[in-house]
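S.K.: This is work-v8.cif (mmCIF, C-alpha atoms).
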```cif
data_my_file
loop_
_atom_site.label_atom_id
_atom_site.label_comp_id
_atom_site.auth_asym_id
_atom_site.auth_seq_id
_atom_site.Cartn_x
_atom_site.Cartn_y
_atom_site.Cartn_z
CA MET A 12 -26.66 13.33 16.01
CA PHE A 13 -23.20 14.01 14.55
CA GLN A 14 -21.55 17.34 15.21
CA ARG A 15 -19.56 19.05 12.50
CA VAL A 16 -15.85 19.65 13.11
CA THR A 17 -13.87 21.31 10.32
CA VAL A 18 -10.09 20.99 10.18
CA TYR A 19 -7.87 23.22 8.05
CA LEU A 20 -4.83 21.33 6.76
CA ASP A 21 -1.66 21.76 4.78
CA TYR A 22 0.02 18.52 3.71
CA LEU A 23 3.44 20.10 4.24
CA CYS A 24 2.78 20.41 7.97
CA PRO A 25 3.63 17.61 10.43
CA PHE A 26 1.41 19.20 13.08
CA ALA A 27 -1.54 19.03 10.69
CA TRP A 28 -0.74 15.34 10.14
CA ARG A 29 -0.83 14.64 13.90
CA GLY A 30 -3.95 16.74 14.28
CA LEU A 31 -5.79 14.78 11.61
CA GLU A 32 -4.69 11.45 13.09
CA LEU A 33 -6.08 12.63 16.43
CA ALA A 34 -9.38 13.83 15.02
CA TYR A 35 -9.75 10.64 12.97
CA VAL A 36 -9.46 8.52 16.13
CA VAL A 37 -11.83 10.61 18.25
CA ALA A 38 -14.49 11.32 15.60
CA PRO A 39 -16.35 7.98 15.87
CA GLN A 40 -16.01 7.91 19.68
CA LEU A 41 -17.42 11.43 20.09
CA ALA A 42 -19.84 11.36 17.15
CA LEU A 43 -18.01 14.08 15.25
CA ASP A 44 -18.62 14.67 11.57
CA LEU A 45 -15.09 15.54 10.47
CA GLU A 46 -14.60 17.65 7.38
CA ILE A 47 -11.37 18.75 5.70
CA ARG A 48 -10.61 22.23 4.43
CA HIS A 49 -7.28 23.61 3.27
CA TYR A 50 -5.03 26.40 4.42
CA SER A 51 -1.74 27.11 2.66
CA LEU A 52 1.42 27.86 4.62
CA GLU A 53 3.14 28.92 1.38
CA GLN A 54 0.40 31.48 0.77
CA GLY A 55 0.12 32.55 4.41
CA ASN A 56 3.86 33.14 4.77
CA HIS A 57 4.51 34.50 1.29
CA PRO A 58 6.56 37.75 1.29
CA GLN A 59 4.08 39.35 -1.14
CA ASN A 60 1.31 38.81 1.42
CA ALA A 61 3.28 40.28 4.35
CA GLY A 62 1.31 43.01 6.09
CA LEU A 63 -1.87 42.31 4.09
CA PRO A 64 -5.05 41.13 5.82
CA ARG A 65 -5.43 37.34 5.64
CA HIS A 66 -8.67 37.66 3.70
CA ALA A 67 -7.03 39.81 0.98
CA PRO A 68 -3.78 38.16 -0.16
CA ALA A 69 -1.92 39.48 -3.21
CA TRP A 70 -0.22 36.10 -3.90
CA LYS A 71 -2.76 33.29 -4.27
CA LEU A 72 -1.54 29.69 -4.35
CA SER A 73 -4.47 28.52 -6.44
CA GLU A 74 -3.32 30.78 -9.31
CA GLN A 75 0.34 29.73 -9.33
CA PRO A 76 2.05 27.44 -11.86
CA LEU A 77 2.26 23.84 -10.59
CA GLU A 78 6.06 23.67 -10.68
CA SER A 79 6.51 26.78 -8.53
CA SER A 80 4.98 25.28 -5.38
CA ARG A 81 5.82 22.45 -2.99
CA SER A 82 2.19 22.00 -1.94
CA LEU A 83 -0.13 22.99 -4.79
CA ARG A 84 -0.34 19.56 -6.44
CA ALA A 85 -1.09 17.91 -3.09
CA PHE A 86 -3.97 20.33 -2.50
CA LEU A 87 -5.36 19.66 -5.99
CA ALA A 88 -5.06 15.90 -5.38
CA SER A 89 -6.89 16.38 -2.10
CA HIS A 90 -9.74 18.09 -3.94
CA ALA A 91 -9.73 15.29 -6.51
CA ALA A 92 -10.10 12.72 -3.70
CA ARG A 93 -12.89 14.81 -2.23
CA GLN A 94 -15.03 14.11 -5.31
CA GLN A 95 -15.40 10.56 -3.97
CA GLY A 96 -17.11 11.66 -0.77
CA LYS A 97 -16.17 12.92 2.65
CA ALA A 98 -15.09 9.56 4.08
CA ALA A 99 -12.90 8.79 1.06
CA HIS A 100 -11.40 12.27 1.29
CA LEU A 101 -10.47 11.76 4.94
CA ARG A 102 -8.84 8.39 4.29
CA PHE A 103 -6.89 9.82 1.34
CA ALA A 104 -5.71 12.78 3.38
CA LEU A 105 -4.49 10.52 6.19
CA GLU A 106 -2.63 8.24 3.77
CA LEU A 107 -1.04 11.15 1.93
CA PHE A 108 0.12 12.61 5.26
CA ARG A 109 1.55 9.25 6.34
CA LEU A 110 3.33 8.71 3.04
CA HIS A 111 4.96 12.13 3.27
CA HIS A 112 5.67 12.50 7.00
CA GLN A 113 6.25 8.85 8.01
CA ASP A 114 7.59 7.29 4.82
CA LYS A 115 9.32 10.50 3.62
CA ARG A 116 7.83 10.26 0.12
CA GLU A 117 7.72 13.28 -2.18
CA LEU A 118 4.49 15.15 -1.57
CA GLY A 119 3.59 16.20 -5.11
CA ASP A 120 4.51 13.04 -7.10
CA ASP A 121 1.95 11.01 -9.01
CA GLU A 122 3.44 7.84 -7.50
CA THR A 123 2.73 9.11 -4.01
CA PHE A 124 -0.85 10.00 -4.99
CA VAL A 125 -1.38 6.57 -6.55
CA ASP A 126 -0.18 4.88 -3.36
CA ALA A 127 -2.42 7.11 -1.21
CA VAL A 128 -5.41 6.33 -3.44
CA SER A 129 -4.67 2.63 -3.24
CA ARG A 130 -4.17 2.54 0.55
CA ALA A 131 -7.30 4.63 1.08
CA GLY A 132 -9.37 2.38 -1.21
CA LEU A 133 -10.41 5.07 -3.68
CA ASP A 134 -11.21 4.58 -7.38
CA LEU A 135 -7.91 5.38 -9.13
CA GLU A 136 -9.32 6.01 -12.60
CA ARG A 137 -11.86 8.45 -11.28
CA PHE A 138 -9.23 10.13 -9.09
CA MET A 139 -6.88 10.66 -12.05
CA ALA A 140 -9.70 12.05 -14.19
CA ASP A 141 -10.71 14.46 -11.41
CA LEU A 142 -7.09 15.49 -10.90
CA GLU A 143 -6.85 16.26 -14.63
CA ASP A 144 -9.82 18.62 -14.31
CA GLU A 145 -7.25 21.02 -12.97
CA GLU A 146 -9.23 24.24 -13.38
CA ASP A 147 -12.16 22.93 -11.31
CA ARG A 148 -9.80 21.74 -8.56
CA ARG A 149 -8.05 25.14 -8.54
CA ILE A 150 -11.40 26.89 -8.17
CA GLU A 151 -12.28 24.64 -5.20
CA LEU A 152 -8.89 25.24 -3.62
CA GLY A 153 -9.21 28.98 -4.09
CA ARG A 154 -12.58 28.87 -2.31
CA ASP A 155 -11.09 26.92 0.62
CA LEU A 156 -8.22 29.36 0.99
CA GLU A 157 -10.64 32.28 0.89
CA GLU A 158 -12.72 30.71 3.66
CA ALA A 159 -9.57 30.17 5.71
CA GLY A 160 -8.64 33.80 5.16
CA GLU A 161 -12.08 35.01 6.30
CA LEU A 162 -11.68 32.96 9.46
CA GLY A 163 -8.18 34.36 10.09
CA VAL A 164 -6.51 30.93 9.99
CA PHE A 165 -2.74 31.38 10.35
CA GLY A 166 -1.44 27.81 10.69
CA THR A 167 -2.37 24.13 10.56
CA PRO A 168 -4.08 22.28 11.98
CA THR A 169 -6.83 24.74 12.84
CA PHE A 170 -10.02 23.15 14.10
CA VAL A 171 -13.47 24.72 14.04
CA LEU A 172 -15.74 23.18 16.69
CA PRO A 173 -19.53 22.82 16.53
CA SER A 174 -19.74 25.80 18.94
CA GLY A 175 -18.01 27.98 16.35
CA ASP A 176 -14.88 28.23 18.51
CA ALA A 177 -11.76 27.76 16.44
CA ALA A 178 -8.07 27.34 17.21
CA TYR A 179 -4.70 26.32 15.93
CA PHE A 180 -3.63 23.20 17.84
CA ARG A 181 0.02 22.17 17.76
CA PHE A 182 1.44 19.15 19.56
CA THR A 183 4.53 17.07 18.88
CA GLN A 184 3.64 13.52 20.00
CA LEU A 185 1.43 11.42 17.74
CA THR A 186 -1.57 10.46 19.89
CA THR A 187 -3.78 7.73 18.44
CA GLU A 188 -4.35 5.41 21.44
CA PRO A 189 -8.14 5.86 21.75
CA GLU A 190 -8.35 6.83 25.42
CA LEU A 191 -5.36 9.19 25.30
CA ALA A 192 -6.71 10.69 22.09
CA VAL A 193 -10.11 11.41 23.62
CA ASN A 194 -8.43 12.94 26.69
CA LEU A 195 -6.31 15.18 24.48
CA TRP A 196 -9.26 16.24 22.34
CA GLU A 197 -11.39 16.99 25.41
CA LEU A 198 -8.58 19.05 26.90
CA PHE A 199 -8.40 21.07 23.68
CA THR A 200 -12.16 21.67 23.58
CA ALA A 201 -12.23 22.51 27.31
CA VAL A 202 -9.66 25.25 26.67
CA LEU A 203 -11.84 26.75 23.93
CA GLU A 204 -15.04 26.49 25.96
CA ASN A 205 -13.70 27.88 29.25
CA GLY A 206 -15.50 31.01 30.44
CA ALA A 207 -12.25 32.98 30.74
CA HIS A 208 -12.14 33.02 26.93
CA ILE A 209 -8.61 31.67 26.55
CA GLU A 210 -7.06 33.09 23.39
CA THR A 211 -3.57 31.62 23.53
CA ILE A 212 -1.49 29.06 25.39
CA ARG A 213 1.97 28.84 23.88
CA ARG A 214 5.30 27.56 25.09
CA PRO A 215 8.33 29.79 24.65
CA ARG A 216 11.12 28.32 22.55
CA ARG A 217 14.69 28.78 23.70
CA MET B 14 5.49 22.06 50.77
CA PHE B 15 5.03 25.11 48.51
CA GLN B 16 5.82 24.77 44.83
CA ARG B 17 7.51 27.61 43.00
CA VAL B 18 5.63 29.26 40.14
CA THR B 19 7.34 32.15 38.37
CA VAL B 20 5.33 34.64 36.37
CA TYR B 21 6.87 37.05 33.85
CA LEU B 22 4.97 40.35 33.73
CA ASP B 23 4.85 43.66 31.95
CA TYR B 24 2.66 46.30 33.63
CA LEU B 25 1.58 47.59 30.22
CA CYS B 26 -0.17 44.30 29.46
CA PRO B 27 -3.82 43.67 30.45
CA PHE B 28 -3.35 39.92 29.94
CA ALA B 29 -0.50 39.97 32.46
CA TRP B 30 -2.81 41.77 34.89
CA ARG B 31 -5.49 39.07 34.55
CA GLY B 32 -2.86 36.35 34.78
CA LEU B 33 -1.50 37.73 38.03
CA GLU B 34 -5.01 38.11 39.50
CA LEU B 35 -5.63 34.46 38.63
CA ALA B 36 -2.36 33.21 40.10
CA TYR B 37 -2.87 35.31 43.23
CA VAL B 38 -6.24 33.63 43.85
CA VAL B 39 -5.06 30.08 43.22
CA ALA B 40 -1.67 30.28 44.97
CA PRO B 41 -2.94 29.78 48.54
CA GLN B 42 -5.47 27.13 47.44
CA LEU B 43 -2.86 25.07 45.55
CA ALA B 44 0.12 25.85 47.83
CA LEU B 45 2.01 27.71 45.12
CA ASP B 46 4.93 29.95 45.95
CA LEU B 47 4.34 32.74 43.43
CA GLU B 48 7.28 34.83 42.31
CA ILE B 49 7.34 37.78 39.93
CA ARG B 50 9.85 38.34 37.15
CA HIS B 51 9.73 40.91 34.37
CA TYR B 52 9.59 40.73 30.61
CA SER B 53 9.44 43.89 28.52
CA LEU B 54 7.11 44.16 25.53
CA GLU B 55 8.86 47.38 24.49
CA GLN B 56 12.19 45.54 24.38
CA GLY B 57 10.76 42.36 22.85
CA ASN B 58 9.03 44.25 20.03
CA HIS B 59 11.66 46.92 19.47
CA PRO B 60 12.63 47.34 15.79
CA GLN B 61 16.34 47.28 16.71
CA ASN B 62 15.83 43.78 18.16
CA ALA B 63 13.95 42.42 15.13
CA GLY B 64 15.56 39.23 13.86
CA LEU B 65 17.95 38.97 16.82
CA PRO B 66 17.76 36.02 19.23
CA ARG B 67 15.75 36.87 22.35
CA HIS B 68 18.77 36.27 24.56
CA ALA B 69 20.92 38.77 22.63
CA PRO B 70 18.97 42.02 22.17
CA ALA B 71 20.68 45.13 20.79
CA TRP B 72 18.19 47.52 22.46
CA LYS B 73 17.97 46.94 26.21
CA LEU B 74 15.20 48.63 28.17
CA SER B 75 17.24 48.72 31.39
CA GLU B 76 19.80 51.01 29.69
CA GLN B 77 17.32 53.53 28.24
CA PRO B 78 16.60 57.04 29.55
CA LEU B 79 13.52 57.13 31.81
CA GLU B 80 11.57 59.54 29.65
CA SER B 81 11.92 57.42 26.48
CA SER B 82 9.86 54.49 27.77
CA ARG B 83 6.24 53.90 28.80
CA SER B 84 7.14 51.01 31.09
CA LEU B 85 10.66 51.49 32.47
CA ARG B 86 9.67 53.46 35.58
CA ALA B 87 7.00 50.89 36.46
CA PHE B 88 9.58 48.09 36.24
CA LEU B 89 11.99 50.04 38.47
CA ALA B 90 9.16 50.69 40.95
CA SER B 91 8.39 46.98 40.91
CA HIS B 92 11.99 46.22 41.82
CA ALA B 93 11.85 48.85 44.56
CA ALA B 94 8.75 47.13 46.01
CA ARG B 95 10.53 43.79 45.78
CA GLN B 96 13.04 44.99 48.39
CA GLN B 97 10.25 44.66 50.96
CA GLY B 98 9.84 40.92 50.38
CA LYS B 99 8.05 38.59 48.00
CA ALA B 100 4.57 39.01 49.52
CA ALA B 101 4.85 42.82 49.49
CA HIS B 102 6.08 42.69 45.91
CA LEU B 103 3.06 40.63 44.82
CA ARG B 104 0.58 42.96 46.51
CA PHE B 105 2.27 46.02 44.99
CA ALA B 106 2.25 44.46 41.52
CA LEU B 107 -1.46 43.65 41.79
CA GLU B 108 -2.32 47.17 42.96
CA LEU B 109 -0.22 48.80 40.25
CA PHE B 110 -1.93 46.64 37.62
CA ARG B 111 -5.37 47.54 39.01
CA LEU B 112 -4.59 51.26 39.14
CA HIS B 113 -3.46 51.23 35.52
CA HIS B 114 -5.87 48.75 33.89
CA GLN B 115 -9.00 49.25 36.01
CA ASP B 116 -8.68 52.86 37.16
CA LYS B 117 -6.85 54.03 33.99
CA ARG B 118 -4.11 55.81 35.95
CA GLU B 119 -0.81 56.72 34.31
CA LEU B 120 1.59 53.83 34.74
CA GLY B 121 4.84 55.67 35.38
CA ASP B 122 3.67 58.50 37.68
CA ASP B 123 4.87 58.90 41.24
CA GLU B 124 1.26 59.46 42.33
CA THR B 125 0.28 56.07 40.95
CA PHE B 126 3.21 54.42 42.71
CA VAL B 127 2.33 56.12 46.01
CA ASP B 128 -1.25 54.85 45.76
CA ALA B 129 -0.08 51.32 44.92
CA VAL B 130 2.32 51.38 47.89
CA SER B 131 -0.45 52.59 50.16
CA ARG B 132 -3.05 50.07 48.99
CA ALA B 133 -0.53 47.23 49.19
CA GLY B 134 0.55 48.23 52.71
CA LEU B 135 4.22 48.83 51.95
CA ASP B 136 6.57 51.22 53.72
CA LEU B 137 6.46 54.37 51.54
CA GLU B 138 9.66 55.96 52.78
CA ARG B 139 11.63 52.81 52.16
CA PHE B 140 10.01 52.36 48.76
CA MET B 141 10.96 55.89 47.66
CA ALA B 142 14.52 55.44 48.87
CA ASP B 143 14.81 52.14 46.99
CA LEU B 144 13.32 53.70 43.86
CA GLU B 145 15.92 56.46 44.08
CA ASP B 146 18.68 53.82 44.03
CA GLU B 147 18.03 53.78 40.33
CA GLU B 148 21.25 52.10 39.23
CA ASP B 149 20.65 49.08 41.50
CA ARG B 150 17.08 48.74 40.25
CA ARG B 151 18.26 48.95 36.63
CA ILE B 152 20.77 46.18 37.27
CA GLU B 153 18.05 43.98 38.76
CA LEU B 154 15.72 44.71 35.85
CA GLY B 155 18.47 43.95 33.34
CA ARG B 156 19.02 40.59 35.06
CA ASP B 157 15.26 39.76 34.88
CA LEU B 158 15.09 40.64 31.20
CA GLU B 159 18.17 38.51 30.52
CA GLU B 160 16.56 35.54 32.27
CA ALA B 161 13.38 36.06 30.24
CA GLY B 162 15.48 36.15 27.08
CA GLU B 163 17.27 32.90 27.98
CA LEU B 164 13.88 31.26 28.49
CA GLY B 165 12.59 32.57 25.15
CA VAL B 166 9.71 34.51 26.73
CA PHE B 167 7.86 36.44 23.99
CA GLY B 168 4.82 37.85 25.81
CA THR B 169 3.13 38.29 29.17
CA PRO B 170 2.00 36.64 31.27
CA THR B 171 4.35 33.71 30.87
CA PHE B 172 4.21 31.20 33.72
CA VAL B 173 6.96 28.75 34.66
CA LEU B 174 5.55 25.75 36.53
CA PRO B 175 7.33 23.64 39.16
CA SER B 176 7.78 20.95 36.45
CA GLY B 177 9.83 23.43 34.40
CA ASP B 178 7.07 23.65 31.76
CA ALA B 179 6.48 27.25 30.72
CA ALA B 180 3.89 29.00 28.60
CA TYR B 181 2.36 32.29 27.61
CA PHE B 182 -1.27 32.27 28.83
CA ARG B 183 -3.67 34.83 27.41
CA PHE B 184 -7.33 35.08 28.35
CA THR B 185 -9.74 37.99 28.20
CA GLN B 186 -12.15 37.48 31.14
CA LEU B 187 -10.94 38.36 34.62
CA THR B 188 -11.33 35.16 36.66
CA THR B 189 -10.99 35.55 40.42
CA GLU B 190 -13.93 33.54 41.77
CA PRO B 191 -11.96 30.88 43.68
CA GLU B 192 -13.50 27.75 42.16
CA LEU B 193 -13.49 29.08 38.58
CA ALA B 194 -9.94 30.31 39.09
CA VAL B 195 -8.71 26.89 40.23
CA ASN B 196 -10.50 25.23 37.30
CA LEU B 197 -8.86 27.63 34.87
CA TRP B 198 -5.40 27.16 36.39
CA GLU B 199 -5.76 23.37 36.37
CA LEU B 200 -6.83 23.47 32.73
CA PHE B 201 -3.72 25.50 31.91
CA THR B 202 -1.39 23.13 33.77
CA ALA B 203 -3.14 20.07 32.25
CA VAL B 204 -2.36 21.44 28.79
CA LEU B 205 1.32 21.79 29.67
CA GLU B 206 1.54 18.38 31.30
CA ASN B 207 -0.31 16.38 28.63
CA GLY B 208 1.81 13.62 27.08
CA ALA B 209 1.17 14.88 23.54
CA HIS B 210 3.48 17.81 24.39
CA ILE B 211 1.11 20.57 23.35
CA GLU B 212 3.13 23.55 22.12
CA THR B 213 0.38 25.95 21.06
CA ILE B 214 -3.37 26.46 21.26
CA ARG B 215 -4.32 29.75 19.68
CA ARG B 216 -7.51 31.19 18.31
CA PRO B 217 -7.42 32.83 14.90
CA ARG B 218 -8.43 36.47 14.83
CA ARG B 219 -10.64 37.70 12.05
#
```
Give the structure from this file in structure tokens form.

M.R.:
Amino acid sequence: MFQRVTVYLDYLCPFAWRGLELAYVVAPQLALDLEIRHYSLEQGNHPQNAGLPRHAPAWKLSEQPLESSRSLRAFLASHAARQQGKAAHLRFALELFRLHHQDKRELGDDETFVDAVSRAGLDLERFMADLEDEEDRRIELGRDLEEAGELGVFGTPTFVLPSGDAAYFRFTQLTTEPELAVNLWELFTAVLENGAHIETIRRPRR
Amino acid sequence: MFQRVTVYLDYLCPFAWRGLELAYVVAPQLALDLEIRHYSLEQGNHPQNAGLPRHAPAWKLSEQPLESSRSLRAFLASHAARQQGKAAHLRFALELFRLHHQDKRELGDDETFVDAVSRAGLDLERFMADLEDEEDRRIELGRDLEEAGELGVFGTPTFVLPSGDAAYFRFTQLTTEPELAVNLWELFTAVLENGAHIETIRRPRR
């Protein structure tokens, strides 16, 4: 029986990239059913949303013009990929992260999307058609960002475990060797499941 | 061979109280040499320090008048207790935390200090004399807060491990049963020592 794990991502974020690589490696080993949702750093940190509750932002990314945002097109592309199923969506997300954070490609360019689609083995024609259905993709994105707001997500990656426990999980070293990855994941879940109800572990920065 | 663990505390903070209770239980079991330092939430969150680097505050608690602060007298009392040795200091800190957070006593009152001194088995006369040497205690406090600033401490409790790894550690359930306490401590240290270099695990708040 697979157990649902939801991960909130922003393609801008290198920690979200590492988090998804980790989850992608451990999911088959631990029988996790991994599902992607989106959280927007641009929206979360926007000056017009300062002081407002996370579930009631004044500035909503999904309603902004495409050219005003570094991340909006990537989110819409992610929702276009999602139309081809959960597994295709995951592979696309990983490839888009790698293209941007490893290969330093522009996040919002059509060329980058086309390469991600190709590497992930998606149907390009269908992807482009779904990306052109911009209003539908914006509605889906808006729904994701609302869900993230309800949950109080403040950064990426944030994982929601089958238990309902959720946390932001930030680490700096890419960890994809299967045994190390499982150890790291189990350490993370042990923190969330400990009876002391750990809320935060965070290193100071000098 | 004992291994030095430093904990940065603010008596105002219930998480610092639980953190010290935890460390106090595990220290003898794990041969830790536990040492108290101070970090001030009032100073860290003061509007006059907003935007300034933590090591260069404009508003310094150790230079404020006694009556303007909720925590200053408790810090000075802590430094007075410290004159009676590290073990006495630890016991005093624990008792002061318990009086304030369990018994809801006023933090900065002489009566509360006298009860903490008595419960912790310190020499009261010496304690009062050391507390009256206010300028010396302020200098010591100022030095602690400078060290905390250099380290980038932003909240309490923050623990510094023998490895040099440091982190804020916030949990809500008091954990003093010896086996559970050791499990919790080892989980915390495993997070800091993992090769992925975990920087943050933090639950969202709705």

S.K.: How many Å lie between CA of Leu133 in chain A and CA of Gln95 in chain A, rounded to one decimal?

M.R.: 7.4 Å

S.K.: Give as a list in words each residue that has an atom at most 9 Å from (-0.8, 48.9, 43.6) in the file, counting all atoms listed in the file.

M.R.: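 The residues near that point, listed by chain and number, are Arg104, Phe105, Ala106, Leu107, Glu108, Leu109, Phe110, Arg111, Leu112, His113, Thr125, Phe126, Val127, Asp128, Ala129, Val130, Ser131, Arg132 and Ala133 of chain B.
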
S.K.: Write out as a list in words each polymer residue whose atoms come within 8 Å of range 159-161 of chain B, counting all atoms listed in the file; drop sequence neighbours fewer than 2 positions from it.

M.R.: Tyr21, His51, Tyr52, His68, Gly155, Arg156, Asp157, Glu163, Leu164, Gly165 and Val166 of chain B

S.K.: Hey, can you spit out that residue selection with C-alpha atoms as a short mmCIF file (atom, residue, chain, number, x, y, z; two decimals), in the frame of the given file?

M.R.:
```cif
data_model
loop_
_atom_site.label_atom_id
_atom_site.label_comp_id
_atom_site.auth_asym_id
_atom_site.auth_seq_id
_atom_site.Cartn_x
_atom_site.Cartn_y
_atom_site.Cartn_z
CA TYR B 21 6.87 37.05 33.85
CA HIS B 51 9.73 40.91 34.37
CA TYR B 52 9.59 40.73 30.61
CA HIS B 68 18.77 36.27 24.56
CA GLY B 155 18.47 43.95 33.34
CA ARG B 156 19.02 40.59 35.06
CA ASP B 157 15.26 39.76 34.88
CA GLU B 163 17.27 32.90 27.98
CA LEU B 164 13.88 31.26 28.49
CA GLY B 165 12.59 32.57 25.15
CA VAL B 166 9.71 34.51 26.73
#
```

S.K.: Do you know which residues the PyMOL selection byres ((chain A) within 7 of (chain B)) returns on this file, as number ranges by chain?

M.R.: A: 161-165, 177-186, 198, 202, 207-217

S.K.: Can you spit out the residues from that selection as a short mmCIF file (atom, residue, chain, number, x, y, z; two decimals), keeping the file's coordinate frame, using C-alpha atoms?

M.R.:
```
data_model
loop_
_atom_site.label_atom_id
_atom_site.label_comp_id
_atom_site.auth_asym_id
_atom_site.auth_seq_id
_atom_site.Cartn_x
_atom_site.Cartn_y
_atom_site.Cartn_z
CA GLU A 161 -12.08 35.01 6.30
CA LEU A 162 -11.68 32.96 9.46
CA GLY A 163 -8.18 34.36 10.09
CA VAL A 164 -6.51 30.93 9.99
CA PHE A 165 -2.74 31.38 10.35
CA ALA A 177 -11.76 27.76 16.44
CA ALA A 178 -8.07 27.34 17.21
CA TYR A 179 -4.70 26.32 15.93
CA PHE A 180 -3.63 23.20 17.84
CA ARG A 181 0.02 22.17 17.76
CA PHE A 182 1.44 19.15 19.56
CA THR A 183 4.53 17.07 18.88
CA GLN A 184 3.64 13.52 20.00
CA LEU A 185 1.43 11.42 17.74
CA THR A 186 -1.57 10.46 19.89
CA LEU A 198 -8.58 19.05 26.90
CA VAL A 202 -9.66 25.25 26.67
CA ALA A 207 -12.25 32.98 30.74
CA HIS A 208 -12.14 33.02 26.93
CA ILE A 209 -8.61 31.67 26.55
CA GLU A 210 -7.06 33.09 23.39
CA THR A 211 -3.57 31.62 23.53
CA ILE A 212 -1.49 29.06 25.39
CA ARG A 213 1.97 28.84 23.88
CA ARG A 214 5.30 27.56 25.09
CA PRO A 215 8.33 29.79 24.65
CA ARG A 216 11.12 28.32 22.55
CA ARG A 217 14.69 28.78 23.70
#
```

S.K.: Quick one: distance from CA of Glu32 in chain A to CA of His57 in chain A in Å, one decimal?

M.R.: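 Value for the CA of Glu32 in chain A-CA of His57 in chain A distance: 27.5 Å.
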
S.K.: If we count all atoms listed in the file and set the cut-off at 9 Å, which residues sit around Glu153 in chain B, ignoring sequence neighbours fewer than 5 positions away in its own chain? Please answer as a list in words.

M.R.: Ser75, Leu89, His92, Glu148 and Leu158 of chain B

S.K.: Please determine, counting all atoms listed in the file, which residue among B:Val39, B:Leu120, B:Ile49, B:Ala90 has the shortest atom-to-atom distance to Arg151 in chain B.

M.R.: B:Ala90

S.K.: Quick one: range 105-116 of chain A with N, CA, C and O atoms, as a PDB file, in the coordinates of the input?

M.R.:
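The result, written out as selection16.pdb:
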```pdb
ATOM      1  N   LEU A 105      -5.321  11.210   5.201  1.00  0.00           N
ATOM      2  CA  LEU A 105      -4.490  10.520   6.190  1.00  0.00           C
ATOM      3  C   LEU A 105      -3.349   9.759   5.517  1.00  0.00           C
ATOM      4  O   LEU A 105      -2.204   9.818   5.968  1.00  0.00           O
ATOM      5  N   GLU A 106      -3.673   9.043   4.424  1.00  0.00           N
ATOM      6  CA  GLU A 106      -2.630   8.240   3.770  1.00  0.00           C
ATOM      7  C   GLU A 106      -1.582   9.115   3.113  1.00  0.00           C
ATOM      8  O   GLU A 106      -0.396   8.803   3.137  1.00  0.00           O
ATOM      9  N   LEU A 107      -2.011  10.240   2.546  1.00  0.00           N
ATOM     10  CA  LEU A 107      -1.040  11.150   1.930  1.00  0.00           C
ATOM     11  C   LEU A 107      -0.113  11.741   3.006  1.00  0.00           C
ATOM     12  O   LEU A 107       1.106  11.822   2.832  1.00  0.00           O
ATOM     13  N   PHE A 108      -0.701  12.129   4.141  1.00  0.00           N
ATOM     14  CA  PHE A 108       0.120  12.610   5.260  1.00  0.00           C
ATOM     15  C   PHE A 108       1.127  11.544   5.706  1.00  0.00           C
ATOM     16  O   PHE A 108       2.303  11.839   5.935  1.00  0.00           O
ATOM     17  N   ARG A 109       0.663  10.316   5.864  1.00  0.00           N
ATOM     18  CA  ARG A 109       1.550   9.250   6.340  1.00  0.00           C
ATOM     19  C   ARG A 109       2.672   8.980   5.342  1.00  0.00           C
ATOM     20  O   ARG A 109       3.831   8.800   5.720  1.00  0.00           O
ATOM     21  N   LEU A 110       2.305   8.945   4.059  1.00  0.00           N
ATOM     22  CA  LEU A 110       3.330   8.710   3.040  1.00  0.00           C
ATOM     23  C   LEU A 110       4.406   9.787   3.096  1.00  0.00           C
ATOM     24  O   LEU A 110       5.602   9.502   3.005  1.00  0.00           O
ATOM     25  N   HIS A 111       3.988  11.034   3.275  1.00  0.00           N
ATOM     26  CA  HIS A 111       4.960  12.130   3.270  1.00  0.00           C
ATOM     27  C   HIS A 111       5.726  12.211   4.598  1.00  0.00           C
ATOM     28  O   HIS A 111       6.954  12.297   4.603  1.00  0.00           O
ATOM     29  N   HIS A 112       5.009  12.200   5.717  1.00  0.00           N
ATOM     30  CA  HIS A 112       5.670  12.500   7.000  1.00  0.00           C
ATOM     31  C   HIS A 112       6.253  11.258   7.677  1.00  0.00           C
ATOM     32  O   HIS A 112       7.223  11.377   8.424  1.00  0.00           O
ATOM     33  N   GLN A 113       5.667  10.063   7.430  1.00  0.00           N
ATOM     34  CA  GLN A 113       6.250   8.850   8.010  1.00  0.00           C
ATOM     35  C   GLN A 113       7.231   8.199   7.043  1.00  0.00           C
ATOM     36  O   GLN A 113       8.330   7.832   7.413  1.00  0.00           O
ATOM     37  N   ASP A 114       6.789   8.047   5.779  1.00  0.00           N
ATOM     38  CA  ASP A 114       7.590   7.290   4.820  1.00  0.00           C
ATOM     39  C   ASP A 114       8.511   8.188   3.998  1.00  0.00           C
ATOM     40  O   ASP A 114       9.254   7.693   3.146  1.00  0.00           O
ATOM     41  N   LYS A 115       8.431   9.514   4.259  1.00  0.00           N
ATOM     42  CA  LYS A 115       9.320  10.500   3.620  1.00  0.00           C
ATOM     43  C   LYS A 115       9.225  10.492   2.090  1.00  0.00           C
ATOM     44  O   LYS A 115      10.223  10.736   1.388  1.00  0.00           O
ATOM     45  N   ARG A 116       8.037  10.227   1.566  1.00  0.00           N
ATOM     46  CA  ARG A 116       7.830  10.260   0.120  1.00  0.00           C
ATOM     47  C   ARG A 116       7.609  11.699  -0.342  1.00  0.00           C
ATOM     48  O   ARG A 116       7.127  12.537   0.415  1.00  0.00           O
TER      49      ARG A 116
END
```
